[in-house]
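Student: Next up, model.pdb (PDB, C-alpha atoms).
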```pdb
ATOM      1  CA  GLY A   1      86.743  96.518  73.076  1.00  0.00           C
ATOM      2  CA  ALA A   2      85.989  96.717  76.748  1.00  0.00           C
ATOM      3  CA  VAL A   3      87.855  99.275  78.859  1.00  0.00           C
ATOM      4  CA  VAL A   4      89.569  98.719  82.184  1.00  0.00           C
ATOM      5  CA  SER A   5      90.931 101.652  84.132  1.00  0.00           C
ATOM      6  CA  GLN A   6      93.333 101.858  87.038  1.00  0.00           C
ATOM      7  CA  HIS A   7      93.922 104.575  89.578  1.00  0.00           C
ATOM      8  CA  PRO A   8      96.366 105.969  90.347  1.00  0.00           C
ATOM      9  CA  SER A   9      98.655 105.549  87.377  1.00  0.00           C
ATOM     10  CA  ARG A  10     101.693 106.326  89.475  1.00  0.00           C
ATOM     11  CA  VAL A  11     102.289 106.517  93.204  1.00  0.00           C
ATOM     12  CA  ILE A  12     105.294 107.196  95.355  1.00  0.00           C
ATOM     13  CA  CYS A  13     105.107 106.416  99.050  1.00  0.00           C
ATOM     14  CA  LYS A  14     107.303 106.088 102.096  1.00  0.00           C
ATOM     15  CA  SER A  15     108.313 102.727 103.447  1.00  0.00           C
ATOM     16  CA  GLY A  16     105.802 101.396 105.958  1.00  0.00           C
ATOM     17  CA  THR A  17     102.750 103.079 104.501  1.00  0.00           C
ATOM     18  CA  SER A  18      99.853 101.378 102.739  1.00  0.00           C
ATOM     19  CA  VAL A  19      98.822 102.051  99.180  1.00  0.00           C
ATOM     20  CA  LYS A  20      95.470 101.304  97.549  1.00  0.00           C
ATOM     21  CA  ILE A  21      95.155 100.697  93.808  1.00  0.00           C
ATOM     22  CA  GLU A  22      91.760 100.659  92.127  1.00  0.00           C
ATOM     23  CA  CYS A  23      90.780  98.658  89.059  1.00  0.00           C
ATOM     24  CA  ARG A  24      87.504  99.419  87.311  1.00  0.00           C
ATOM     25  CA  SER A  25      85.705  97.855  84.390  1.00  0.00           C
ATOM     26  CA  LEU A  26      84.134 100.852  82.697  1.00  0.00           C
ATOM     27  CA  ASP A  27      81.589  99.406  80.297  1.00  0.00           C
ATOM     28  CA  PHE A  28      81.054  95.873  81.450  1.00  0.00           C
ATOM     29  CA  GLN A  29      80.628  93.902  84.630  1.00  0.00           C
ATOM     30  CA  ALA A  30      83.338  91.615  85.902  1.00  0.00           C
ATOM     31  CA  THR A  31      82.711  89.036  88.585  1.00  0.00           C
ATOM     32  CA  THR A  32      86.367  88.139  88.365  1.00  0.00           C
ATOM     33  CA  MET A  33      89.425  90.321  87.981  1.00  0.00           C
ATOM     34  CA  PHE A  34      93.085  89.447  88.048  1.00  0.00           C
ATOM     35  CA  TRP A  35      96.056  91.256  89.558  1.00  0.00           C
ATOM     36  CA  TYR A  36      99.549  91.020  88.105  1.00  0.00           C
ATOM     37  CA  ARG A  37     102.906  92.404  89.117  1.00  0.00           C
ATOM     38  CA  GLN A  38     105.729  93.180  86.728  1.00  0.00           C
ATOM     39  CA  PHE A  39     109.310  93.982  87.656  1.00  0.00           C
ATOM     40  CA  PRO A  40     111.575  95.854  85.211  1.00  0.00           C
ATOM     41  CA  LYS A  41     112.454  93.845  82.119  1.00  0.00           C
ATOM     42  CA  LYS A  42     110.454  90.891  83.409  1.00  0.00           C
ATOM     43  CA  SER A  43     107.188  89.335  82.376  1.00  0.00           C
ATOM     44  CA  LEU A  44     103.879  89.706  84.148  1.00  0.00           C
ATOM     45  CA  MET A  45     103.428  87.521  87.205  1.00  0.00           C
ATOM     46  CA  LEU A  46      99.924  86.646  88.297  1.00  0.00           C
ATOM     47  CA  MET A  47      99.399  87.558  91.940  1.00  0.00           C
ATOM     48  CA  ALA A  48      95.783  86.779  92.653  1.00  0.00           C
ATOM     49  CA  THR A  49      92.269  86.325  91.372  1.00  0.00           C
ATOM     50  CA  SER A  50      89.720  88.773  92.713  1.00  0.00           C
ATOM     51  CA  ASN A  51      86.205  87.398  93.080  1.00  0.00           C
ATOM     52  CA  GLU A  52      83.141  89.573  93.577  1.00  0.00           C
ATOM     53  CA  GLY A  53      81.355  88.569  96.735  1.00  0.00           C
ATOM     54  CA  SER A  54      83.980  86.155  97.975  1.00  0.00           C
ATOM     55  CA  LYS A  55      87.596  85.959  99.033  1.00  0.00           C
ATOM     56  CA  ALA A  56      90.408  86.431  96.601  1.00  0.00           C
ATOM     57  CA  THR A  57      92.494  83.473  95.490  1.00  0.00           C
ATOM     58  CA  TYR A  58      96.236  84.038  95.774  1.00  0.00           C
ATOM     59  CA  GLU A  59      98.991  82.439  93.747  1.00  0.00           C
ATOM     60  CA  GLN A  60     101.640  80.468  95.526  1.00  0.00           C
ATOM     61  CA  GLY A  61     104.174  82.660  97.233  1.00  0.00           C
ATOM     62  CA  VAL A  62     101.983  85.779  97.363  1.00  0.00           C
ATOM     63  CA  GLU A  63     101.255  86.980 100.902  1.00  0.00           C
ATOM     64  CA  LYS A  64      97.538  87.521 101.277  1.00  0.00           C
ATOM     65  CA  ASP A  65      97.979  89.647 104.396  1.00  0.00           C
ATOM     66  CA  LYS A  66     100.324  91.975 102.584  1.00  0.00           C
ATOM     67  CA  PHE A  67      98.351  92.307  99.366  1.00  0.00           C
ATOM     68  CA  LEU A  68      94.746  92.826 100.406  1.00  0.00           C
ATOM     69  CA  ILE A  69      92.184  92.450  97.650  1.00  0.00           C
ATOM     70  CA  ASN A  70      88.588  93.586  97.844  1.00  0.00           C
ATOM     71  CA  HIS A  71      86.144  93.097  95.011  1.00  0.00           C
ATOM     72  CA  ALA A  72      83.574  95.628  96.189  1.00  0.00           C
ATOM     73  CA  SER A  73      81.239  95.532  93.216  1.00  0.00           C
ATOM     74  CA  LEU A  74      80.855  94.089  89.749  1.00  0.00           C
ATOM     75  CA  THR A  75      82.974  96.907  88.359  1.00  0.00           C
ATOM     76  CA  LEU A  76      85.571  97.567  91.052  1.00  0.00           C
ATOM     77  CA  SER A  77      88.432  95.629  92.576  1.00  0.00           C
ATOM     78  CA  THR A  78      91.052  97.153  94.850  1.00  0.00           C
ATOM     79  CA  LEU A  79      94.543  96.006  95.737  1.00  0.00           C
ATOM     80  CA  THR A  80      96.056  97.391  98.927  1.00  0.00           C
ATOM     81  CA  VAL A  81      99.761  96.966  99.463  1.00  0.00           C
ATOM     82  CA  THR A  82     100.108  97.091 103.236  1.00  0.00           C
ATOM     83  CA  SER A  83     103.257  98.273 104.991  1.00  0.00           C
ATOM     84  CA  ALA A  84     104.980  98.754 101.683  1.00  0.00           C
ATOM     85  CA  HIS A  85     108.733  98.329 101.412  1.00  0.00           C
ATOM     86  CA  PRO A  86     111.152  99.183  98.606  1.00  0.00           C
ATOM     87  CA  GLU A  87     111.042  95.606  97.303  1.00  0.00           C
ATOM     88  CA  ASP A  88     107.324  96.085  96.638  1.00  0.00           C
ATOM     89  CA  SER A  89     108.156  98.733  94.062  1.00  0.00           C
ATOM     90  CA  SER A  90     106.766  97.386  90.822  1.00  0.00           C
ATOM     91  CA  PHE A  91     104.261  97.839  88.013  1.00  0.00           C
ATOM     92  CA  TYR A  92     100.862  96.509  89.100  1.00  0.00           C
ATOM     93  CA  ILE A  93      98.356  95.613  86.400  1.00  0.00           C
ATOM     94  CA  CYS A  94      94.794  94.373  86.642  1.00  0.00           C
ATOM     95  CA  SER A  95      92.707  92.599  84.060  1.00  0.00           C
ATOM     96  CA  ALA A  96      89.117  91.550  83.635  1.00  0.00           C
ATOM     97  CA  PRO A  97      87.598  89.039  81.264  1.00  0.00           C
ATOM     98  CA  SER A  98      84.729  90.145  79.097  1.00  0.00           C
ATOM     99  CA  GLY A  99      82.691  87.207  77.958  1.00  0.00           C
ATOM    100  CA  THR A 100      81.803  88.727  74.632  1.00  0.00           C
ATOM    101  CA  SER A 101      83.204  85.828  72.686  1.00  0.00           C
ATOM    102  CA  GLY A 102      83.926  82.192  73.152  1.00  0.00           C
ATOM    103  CA  GLY A 103      87.531  83.091  73.654  1.00  0.00           C
ATOM    104  CA  ASN A 104      86.908  85.082  76.805  1.00  0.00           C
ATOM    105  CA  GLU A 105      89.223  87.918  75.954  1.00  0.00           C
ATOM    106  CA  GLN A 106      90.885  89.624  78.860  1.00  0.00           C
ATOM    107  CA  PHE A 107      91.167  93.362  78.998  1.00  0.00           C
ATOM    108  CA  PHE A 108      93.995  94.934  80.884  1.00  0.00           C
ATOM    109  CA  GLY A 109      94.237  98.182  82.760  1.00  0.00           C
ATOM    110  CA  PRO A 110      97.007 100.648  81.960  1.00  0.00           C
ATOM    111  CA  GLY A 111      98.939  99.695  85.078  1.00  0.00           C
ATOM    112  CA  THR A 112     100.023 101.454  88.266  1.00  0.00           C
ATOM    113  CA  ARG A 113     103.660 102.139  88.917  1.00  0.00           C
ATOM    114  CA  LEU A 114     104.435 101.954  92.614  1.00  0.00           C
ATOM    115  CA  THR A 115     107.665 103.349  93.997  1.00  0.00           C
ATOM    116  CA  VAL A 116     108.386 102.820  97.672  1.00  0.00           C
ATOM    117  CA  LEU A 117     111.108 105.014  99.096  1.00  0.00           C
TER     118      LEU A 117
ATOM    119  CA  ASP B   1      98.050  75.091  80.585  1.00  0.00           C
ATOM    120  CA  ALA B   2     100.643  74.162  77.958  1.00  0.00           C
ATOM    121  CA  LYS B   3     103.957  75.956  77.894  1.00  0.00           C
ATOM    122  CA  THR B   4     105.053  78.070  74.945  1.00  0.00           C
ATOM    123  CA  THR B   5     108.462  78.883  73.492  1.00  0.00           C
ATOM    124  CA  GLN B   6     109.180  82.116  71.660  1.00  0.00           C
ATOM    125  CA  PRO B   7     112.350  83.779  70.391  1.00  0.00           C
ATOM    126  CA  THR B   8     113.681  86.364  72.792  1.00  0.00           C
ATOM    127  CA  SER B   9     113.766  89.170  70.269  1.00  0.00           C
ATOM    128  CA  MET B  10     113.414  90.060  66.638  1.00  0.00           C
ATOM    129  CA  ASP B  11     113.768  93.130  64.474  1.00  0.00           C
ATOM    130  CA  CYS B  12     111.497  94.150  61.655  1.00  0.00           C
ATOM    131  CA  ALA B  13     111.649  96.906  59.066  1.00  0.00           C
ATOM    132  CA  GLU B  14     108.813  99.369  58.995  1.00  0.00           C
ATOM    133  CA  GLY B  15     106.284  98.535  56.318  1.00  0.00           C
ATOM    134  CA  ARG B  16     107.323  94.910  56.067  1.00  0.00           C
ATOM    135  CA  ALA B  17     105.482  91.931  57.452  1.00  0.00           C
ATOM    136  CA  ALA B  18     106.545  90.679  60.858  1.00  0.00           C
ATOM    137  CA  ASN B  19     106.262  86.941  61.428  1.00  0.00           C
ATOM    138  CA  LEU B  20     106.401  85.914  65.073  1.00  0.00           C
ATOM    139  CA  PRO B  21     106.768  82.198  65.761  1.00  0.00           C
ATOM    140  CA  CYS B  22     105.550  80.301  68.795  1.00  0.00           C
ATOM    141  CA  ASN B  23     106.042  76.660  69.697  1.00  0.00           C
ATOM    142  CA  HIS B  24     103.469  74.897  71.841  1.00  0.00           C
ATOM    143  CA  SER B  25     104.213  71.222  71.294  1.00  0.00           C
ATOM    144  CA  THR B  26     102.304  70.068  74.382  1.00  0.00           C
ATOM    145  CA  ILE B  27      99.082  71.874  73.539  1.00  0.00           C
ATOM    146  CA  SER B  28      95.899  69.979  74.384  1.00  0.00           C
ATOM    147  CA  GLY B  29      92.931  69.556  72.107  1.00  0.00           C
ATOM    148  CA  ASN B  30      90.797  72.059  73.997  1.00  0.00           C
ATOM    149  CA  GLU B  31      93.447  74.745  74.355  1.00  0.00           C
ATOM    150  CA  TYR B  32      93.369  77.908  72.304  1.00  0.00           C
ATOM    151  CA  VAL B  33      96.369  79.959  71.199  1.00  0.00           C
ATOM    152  CA  TYR B  34      96.189  83.582  72.332  1.00  0.00           C
ATOM    153  CA  TRP B  35      98.419  86.483  71.433  1.00  0.00           C
ATOM    154  CA  TYR B  36      98.824  89.623  73.489  1.00  0.00           C
ATOM    155  CA  ARG B  37     101.308  92.433  73.236  1.00  0.00           C
ATOM    156  CA  GLN B  38     102.634  94.940  75.727  1.00  0.00           C
ATOM    157  CA  ILE B  39     103.961  98.285  74.706  1.00  0.00           C
ATOM    158  CA  HIS B  40     106.472  99.678  77.154  1.00  0.00           C
ATOM    159  CA  SER B  41     104.934 100.775  80.464  1.00  0.00           C
ATOM    160  CA  GLN B  42     101.395  99.933  79.381  1.00  0.00           C
ATOM    161  CA  GLY B  43      99.006  97.095  80.135  1.00  0.00           C
ATOM    162  CA  PRO B  44      98.914  94.164  77.698  1.00  0.00           C
ATOM    163  CA  GLN B  45      96.630  94.365  74.699  1.00  0.00           C
ATOM    164  CA  TYR B  46      94.712  91.460  73.206  1.00  0.00           C
ATOM    165  CA  ILE B  47      95.593  90.767  69.572  1.00  0.00           C
ATOM    166  CA  ILE B  48      94.006  87.556  68.369  1.00  0.00           C
ATOM    167  CA  HIS B  49      93.255  83.966  69.302  1.00  0.00           C
ATOM    168  CA  GLY B  50      92.459  80.697  67.543  1.00  0.00           C
ATOM    169  CA  LEU B  51      91.931  76.988  68.010  1.00  0.00           C
ATOM    170  CA  LYS B  52      92.961  75.257  64.789  1.00  0.00           C
ATOM    171  CA  ASN B  53      91.788  77.387  61.903  1.00  0.00           C
ATOM    172  CA  ASN B  54      93.749  80.385  60.717  1.00  0.00           C
ATOM    173  CA  GLU B  55      92.331  83.638  61.974  1.00  0.00           C
ATOM    174  CA  THR B  56      92.553  87.230  60.797  1.00  0.00           C
ATOM    175  CA  ASN B  57      91.388  90.507  62.265  1.00  0.00           C
ATOM    176  CA  GLU B  58      92.191  94.151  61.802  1.00  0.00           C
ATOM    177  CA  MET B  59      95.422  93.831  63.754  1.00  0.00           C
ATOM    178  CA  ALA B  60      96.994  90.572  62.652  1.00  0.00           C
ATOM    179  CA  SER B  61      96.704  87.084  61.243  1.00  0.00           C
ATOM    180  CA  LEU B  62      97.257  83.875  63.147  1.00  0.00           C
ATOM    181  CA  ILE B  63      98.492  80.792  61.334  1.00  0.00           C
ATOM    182  CA  ILE B  64      98.293  77.529  63.272  1.00  0.00           C
ATOM    183  CA  THR B  65      99.985  74.411  61.928  1.00  0.00           C
ATOM    184  CA  GLU B  66      97.874  71.386  61.212  1.00  0.00           C
ATOM    185  CA  ASP B  67      99.289  69.476  64.174  1.00  0.00           C
ATOM    186  CA  ARG B  68      98.747  72.601  66.327  1.00  0.00           C
ATOM    187  CA  LYS B  69     102.204  72.334  67.799  1.00  0.00           C
ATOM    188  CA  SER B  70     103.248  75.738  66.580  1.00  0.00           C
ATOM    189  CA  SER B  71     101.782  78.976  65.308  1.00  0.00           C
ATOM    190  CA  THR B  72     102.829  82.236  63.722  1.00  0.00           C
ATOM    191  CA  LEU B  73     101.485  85.696  64.353  1.00  0.00           C
ATOM    192  CA  ILE B  74     101.717  87.914  61.307  1.00  0.00           C
ATOM    193  CA  LEU B  75     101.672  91.685  61.457  1.00  0.00           C
ATOM    194  CA  PRO B  76     101.111  92.444  57.770  1.00  0.00           C
ATOM    195  CA  HIS B  77     102.616  95.924  57.619  1.00  0.00           C
ATOM    196  CA  ALA B  78     104.653  96.683  60.708  1.00  0.00           C
ATOM    197  CA  THR B  79     104.743 100.254  61.969  1.00  0.00           C
ATOM    198  CA  LEU B  80     106.927 101.873  64.600  1.00  0.00           C
ATOM    199  CA  ARG B  81     103.975 101.670  66.986  1.00  0.00           C
ATOM    200  CA  ASP B  82     104.092  97.887  66.770  1.00  0.00           C
ATOM    201  CA  THR B  83     107.314  97.869  68.787  1.00  0.00           C
ATOM    202  CA  ALA B  84     106.347  95.839  71.858  1.00  0.00           C
ATOM    203  CA  VAL B  85     106.752  92.544  73.680  1.00  0.00           C
ATOM    204  CA  TYR B  86     104.513  89.916  72.107  1.00  0.00           C
ATOM    205  CA  TYR B  87     103.227  87.069  74.229  1.00  0.00           C
ATOM    206  CA  CYS B  88     101.942  83.742  72.948  1.00  0.00           C
ATOM    207  CA  ILE B  89      99.756  81.961  75.508  1.00  0.00           C
ATOM    208  CA  VAL B  90      97.801  78.732  75.322  1.00  0.00           C
ATOM    209  CA  ARG B  91      94.838  78.094  77.557  1.00  0.00           C
ATOM    210  CA  VAL B  92      91.455  76.485  77.712  1.00  0.00           C
ATOM    211  CA  ALA B  93      88.946  79.025  76.440  1.00  0.00           C
ATOM    212  CA  THR B  94      86.048  77.359  78.154  1.00  0.00           C
ATOM    213  CA  ASP B  95      87.810  77.764  81.460  1.00  0.00           C
ATOM    214  CA  SER B  96      85.547  80.652  82.211  1.00  0.00           C
ATOM    215  CA  TRP B  97      87.351  83.711  83.441  1.00  0.00           C
ATOM    216  CA  GLY B  98      90.561  81.713  83.311  1.00  0.00           C
ATOM    217  CA  LYS B  99      93.776  83.375  84.324  1.00  0.00           C
ATOM    218  CA  LEU B 100      96.607  83.998  81.895  1.00  0.00           C
ATOM    219  CA  GLN B 101     100.131  82.837  82.577  1.00  0.00           C
ATOM    220  CA  PHE B 102     102.664  84.963  80.720  1.00  0.00           C
ATOM    221  CA  GLY B 103     106.007  83.693  79.507  1.00  0.00           C
ATOM    222  CA  ALA B 104     108.961  85.836  78.536  1.00  0.00           C
ATOM    223  CA  GLY B 105     107.537  86.821  75.144  1.00  0.00           C
ATOM    224  CA  THR B 106     109.322  88.197  72.086  1.00  0.00           C
ATOM    225  CA  GLN B 107     110.632  91.742  72.072  1.00  0.00           C
ATOM    226  CA  VAL B 108     109.849  93.098  68.617  1.00  0.00           C
ATOM    227  CA  VAL B 109     111.605  96.248  67.489  1.00  0.00           C
ATOM    228  CA  VAL B 110     110.345  97.889  64.324  1.00  0.00           C
ATOM    229  CA  THR B 111     112.950 100.112  62.722  1.00  0.00           C
ATOM    230  CA  PRO B 112     112.504 102.866  60.133  1.00  0.00           C
TER     231      PRO B 112
END
```
Could you express the structure from this file as structure tokens?

Tutor:
Amino acid sequence: GAVVSQHPSRVICKSGTSVKIECRSLDFQATTMFWYRQFPKKSLMLMATSNEGSKATYEQGVEKDKFLINHASLTLSTLTVTSAHPEDSSFYICSAPSGTSGGNEQFFGPGTRLTVL
Amino acid sequence: DAKTTQPTSMDCAEGRAANLPCNHSTISGNEYVYWYRQIHSQGPQYIIHGLKNNETNEMASLIITEDRKSSTLILPHATLRDTAVYYCIVRVATDSWGKLQFGAGTQVVVTP
């Protein structure tokens, strides 16, 4: 299946700093990517849809000015957590659909664990 | 997208078949049933999907009832590496690049 990578896999930062997370589709192009957040022992929560060449679409309750998304190319989307605070500590996961079948499977990255001190 | 209901957890003995139920009584005619799983601290992994016919691949089998209101994911010979949270999701496949909404899933623990 298609491969999605994320970088970094783990990051620890001080409160108030900004952190950038990259999501790459390695062997296919993705005009759309999705960003999820997962707190411990909870399910994945969709944060936003990243669209190549246009603005991201955010889910209700997600602050677009805090979670900046840039879909720079057909294989790269970035999520920047601005002025991070301890409550932003979470597991961030991206996904990209690969239209190789009628089911439009989605392929997920391995996730990025963010810890804000 | 229709909502799904899954048991919170279930245990399975290694080497035995694991049968994971999912209820989706409000599923629409154009919605597919998808299964993903998430091993601890990893991204979710696609398992299988189907519309109304039973499906089988190298990972699992998917049995969908005739009225499509429920389905069962079958892991034929569970291994310790199958311990994960399994998510049943229904969505319109033709909704190109459609987003997935995850429920709570079923925590499956495979024991020796």

Student: Which residues of chain A come within 9 Å of chain B, and what is each one's closest atom pair and distance in Å (one decimal), counting only C-alpha atoms, sorted by chain and residue number, as a tab-separated table?

Tutor:
```
residue	atom	partner	partner_atom	distance
A:Thr31	CA	B:Trp97	CA	8.7
A:Thr32	CA	B:Trp97	CA	6.7
A:Met33	CA	B:Trp97	CA	8.3
A:Phe34	CA	B:Lys99	CA	7.2
A:Lys42	CA	B:Ala104	CA	7.2
A:Ser43	CA	B:Ala104	CA	5.5
A:Leu44	CA	B:Phe102	CA	6.0
A:Met45	CA	B:Phe102	CA	7.0
A:Leu46	CA	B:Gln101	CA	6.9
A:Thr49	CA	B:Lys99	CA	7.8
A:Phe91	CA	B:Ser41	CA	8.1
A:Ile93	CA	B:Gly43	CA	6.5
A:Cys94	CA	B:Gly43	CA	8.2
A:Ser95	CA	B:Gly43	CA	8.7
A:Ala96	CA	B:Trp97	CA	8.0
A:Pro97	CA	B:Trp97	CA	5.8
A:Ser98	CA	B:Trp97	CA	8.2
A:Gly99	CA	B:Trp97	CA	8.0
A:Gly102	CA	B:Ala93	CA	6.8
A:Gly103	CA	B:Ala93	CA	5.1
A:Asn104	CA	B:Ala93	CA	6.4
A:Glu105	CA	B:Tyr46	CA	7.1
A:Gln106	CA	B:Tyr46	CA	7.1
A:Phe107	CA	B:Gln45	CA	7.0
A:Phe108	CA	B:Gly43	CA	5.5
A:Gly109	CA	B:Gly43	CA	5.6
A:Pro110	CA	B:Gly43	CA	4.5
A:Gly111	CA	B:Gly43	CA	5.6
A:Arg113	CA	B:Ser41	CA	8.7
```

Student: For the structure provided, state which residues fall under the PyMOL selection byres ((chain B and resi 106) around 9), and present them as a list in words.

Tutor: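 Taken over the shown coordinates, the PyMOL selection byres ((chain B and resi 106) around 9) returns Gln6, Pro7, Thr8, Ser9, Met10, Leu20, Ala84, Val85, Tyr86, Tyr87, Cys88, Ala104, Gly105, Gln107 and Val108 of chain B.
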
Student: Applying 7 Å and only C-alpha atoms, which residues near B:Pro21 remain after dropping the ones on its own chain fewer than 3 positions away? List them as a ChimeraX atom specification.

Tutor: /B:6,71-73

Student: List as a list in words the residues having at least one atom at most 12 Å from position (94.2, 67.1, 72.3) as given in the file, counting only C-alpha atoms.

Tutor: Ala2, Ser25, Thr26, Ile27, Ser28, Gly29, Asn30, Glu31, Tyr32, Leu51, Lys52, Asp67, Arg68, Lys69 and Val92 of chain B

Student: Determine the residue membership of the PyMOL selection byres ((chain A and resi 2) around 7) for the file above and supply it as a list in words.

Tutor: Gly1, Val3, Val4, Asp27, Phe28 and Phe107 of chain A

Student: Evaluated on this file, the PyMOL selection byres ((chain A and resi 115) around 6) picks out some residues - which ones are they, written as number ranges by chain?

Tutor: A: 12, 89, 114, 116

Student: Can I get stretch 54-74 of chain A with N, CA and C atoms filled in, as a PDB file, in the frame of the given file?

Tutor:
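Once everything was written out, this is part_7.pdb:
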```pdb
ATOM      1  N   SER A  54      83.276  87.199  97.233  1.00  0.00           N
ATOM      2  CA  SER A  54      83.980  86.155  97.975  1.00  0.00           C
ATOM      3  C   SER A  54      85.454  86.504  98.092  1.00  0.00           C
ATOM      4  N   LYS A  55      86.180  85.674  98.801  1.00  0.00           N
ATOM      5  CA  LYS A  55      87.596  85.959  99.033  1.00  0.00           C
ATOM      6  C   LYS A  55      88.417  85.792  97.766  1.00  0.00           C
ATOM      7  N   ALA A  56      89.494  86.545  97.733  1.00  0.00           N
ATOM      8  CA  ALA A  56      90.408  86.431  96.601  1.00  0.00           C
ATOM      9  C   ALA A  56      91.199  85.127  96.694  1.00  0.00           C
ATOM     10  N   THR A  57      91.651  84.672  95.542  1.00  0.00           N
ATOM     11  CA  THR A  57      92.494  83.473  95.490  1.00  0.00           C
ATOM     12  C   THR A  57      93.903  83.912  95.124  1.00  0.00           C
ATOM     13  N   TYR A  58      94.866  83.571  95.975  1.00  0.00           N
ATOM     14  CA  TYR A  58      96.236  84.038  95.774  1.00  0.00           C
ATOM     15  C   TYR A  58      97.102  82.941  95.155  1.00  0.00           C
ATOM     16  N   GLU A  59      98.028  83.375  94.325  1.00  0.00           N
ATOM     17  CA  GLU A  59      98.991  82.439  93.747  1.00  0.00           C
ATOM     18  C   GLU A  59     100.024  82.060  94.811  1.00  0.00           C
ATOM     19  N   GLN A  60     100.650  80.950  94.568  1.00  0.00           N
ATOM     20  CA  GLN A  60     101.640  80.468  95.526  1.00  0.00           C
ATOM     21  C   GLN A  60     102.761  81.487  95.696  1.00  0.00           C
ATOM     22  N   GLY A  61     103.095  81.736  96.936  1.00  0.00           N
ATOM     23  CA  GLY A  61     104.174  82.660  97.233  1.00  0.00           C
ATOM     24  C   GLY A  61     103.748  84.103  97.418  1.00  0.00           C
ATOM     25  N   VAL A  62     102.488  84.418  97.179  1.00  0.00           N
ATOM     26  CA  VAL A  62     101.983  85.779  97.363  1.00  0.00           C
ATOM     27  C   VAL A  62     101.323  85.883  98.732  1.00  0.00           C
ATOM     28  N   GLU A  63     101.768  86.843  99.536  1.00  0.00           N
ATOM     29  CA  GLU A  63     101.255  86.980 100.902  1.00  0.00           C
ATOM     30  C   GLU A  63      99.897  87.675 100.899  1.00  0.00           C
ATOM     31  N   LYS A  64      98.887  86.956 101.295  1.00  0.00           N
ATOM     32  CA  LYS A  64      97.538  87.521 101.277  1.00  0.00           C
ATOM     33  C   LYS A  64      97.349  88.633 102.303  1.00  0.00           C
ATOM     34  N   ASP A  65      98.113  88.594 103.384  1.00  0.00           N
ATOM     35  CA  ASP A  65      97.979  89.647 104.396  1.00  0.00           C
ATOM     36  C   ASP A  65      98.710  90.918 103.986  1.00  0.00           C
ATOM     37  N   LYS A  66      99.591  90.800 103.046  1.00  0.00           N
ATOM     38  CA  LYS A  66     100.324  91.975 102.584  1.00  0.00           C
ATOM     39  C   LYS A  66      99.615  92.627 101.394  1.00  0.00           C
ATOM     40  N   PHE A  67      99.052  91.810 100.558  1.00  0.00           N
ATOM     41  CA  PHE A  67      98.351  92.307  99.366  1.00  0.00           C
ATOM     42  C   PHE A  67      96.856  92.013  99.535  1.00  0.00           C
ATOM     43  N   LEU A  68      96.173  92.997 100.116  1.00  0.00           N
ATOM     44  CA  LEU A  68      94.746  92.826 100.406  1.00  0.00           C
ATOM     45  C   LEU A  68      93.919  93.150  99.169  1.00  0.00           C
ATOM     46  N   ILE A  69      93.022  92.259  98.827  1.00  0.00           N
ATOM     47  CA  ILE A  69      92.184  92.450  97.650  1.00  0.00           C
ATOM     48  C   ILE A  69      90.724  92.457  98.070  1.00  0.00           C
ATOM     49  N   ASN A  70      90.012  93.463  97.572  1.00  0.00           N
ATOM     50  CA  ASN A  70      88.588  93.586  97.844  1.00  0.00           C
ATOM     51  C   ASN A  70      87.855  93.828  96.544  1.00  0.00           C
ATOM     52  N   HIS A  71      86.928  92.947  96.241  1.00  0.00           N
ATOM     53  CA  HIS A  71      86.144  93.097  95.011  1.00  0.00           C
ATOM     54  C   HIS A  71      84.787  93.648  95.422  1.00  0.00           C
ATOM     55  N   ALA A  72      84.709  94.965  95.549  1.00  0.00           N
ATOM     56  CA  ALA A  72      83.574  95.628  96.189  1.00  0.00           C
ATOM     57  C   ALA A  72      82.295  95.570  95.378  1.00  0.00           C
ATOM     58  N   SER A  73      82.432  95.552  94.060  1.00  0.00           N
ATOM     59  CA  SER A  73      81.239  95.532  93.216  1.00  0.00           C
ATOM     60  C   SER A  73      81.587  94.834  91.910  1.00  0.00           C
ATOM     61  N   LEU A  74      80.631  94.769  91.028  1.00  0.00           N
ATOM     62  CA  LEU A  74      80.855  94.089  89.749  1.00  0.00           C
ATOM     63  C   LEU A  74      81.743  94.895  88.804  1.00  0.00           C
TER      64      LEU A  74
END
```
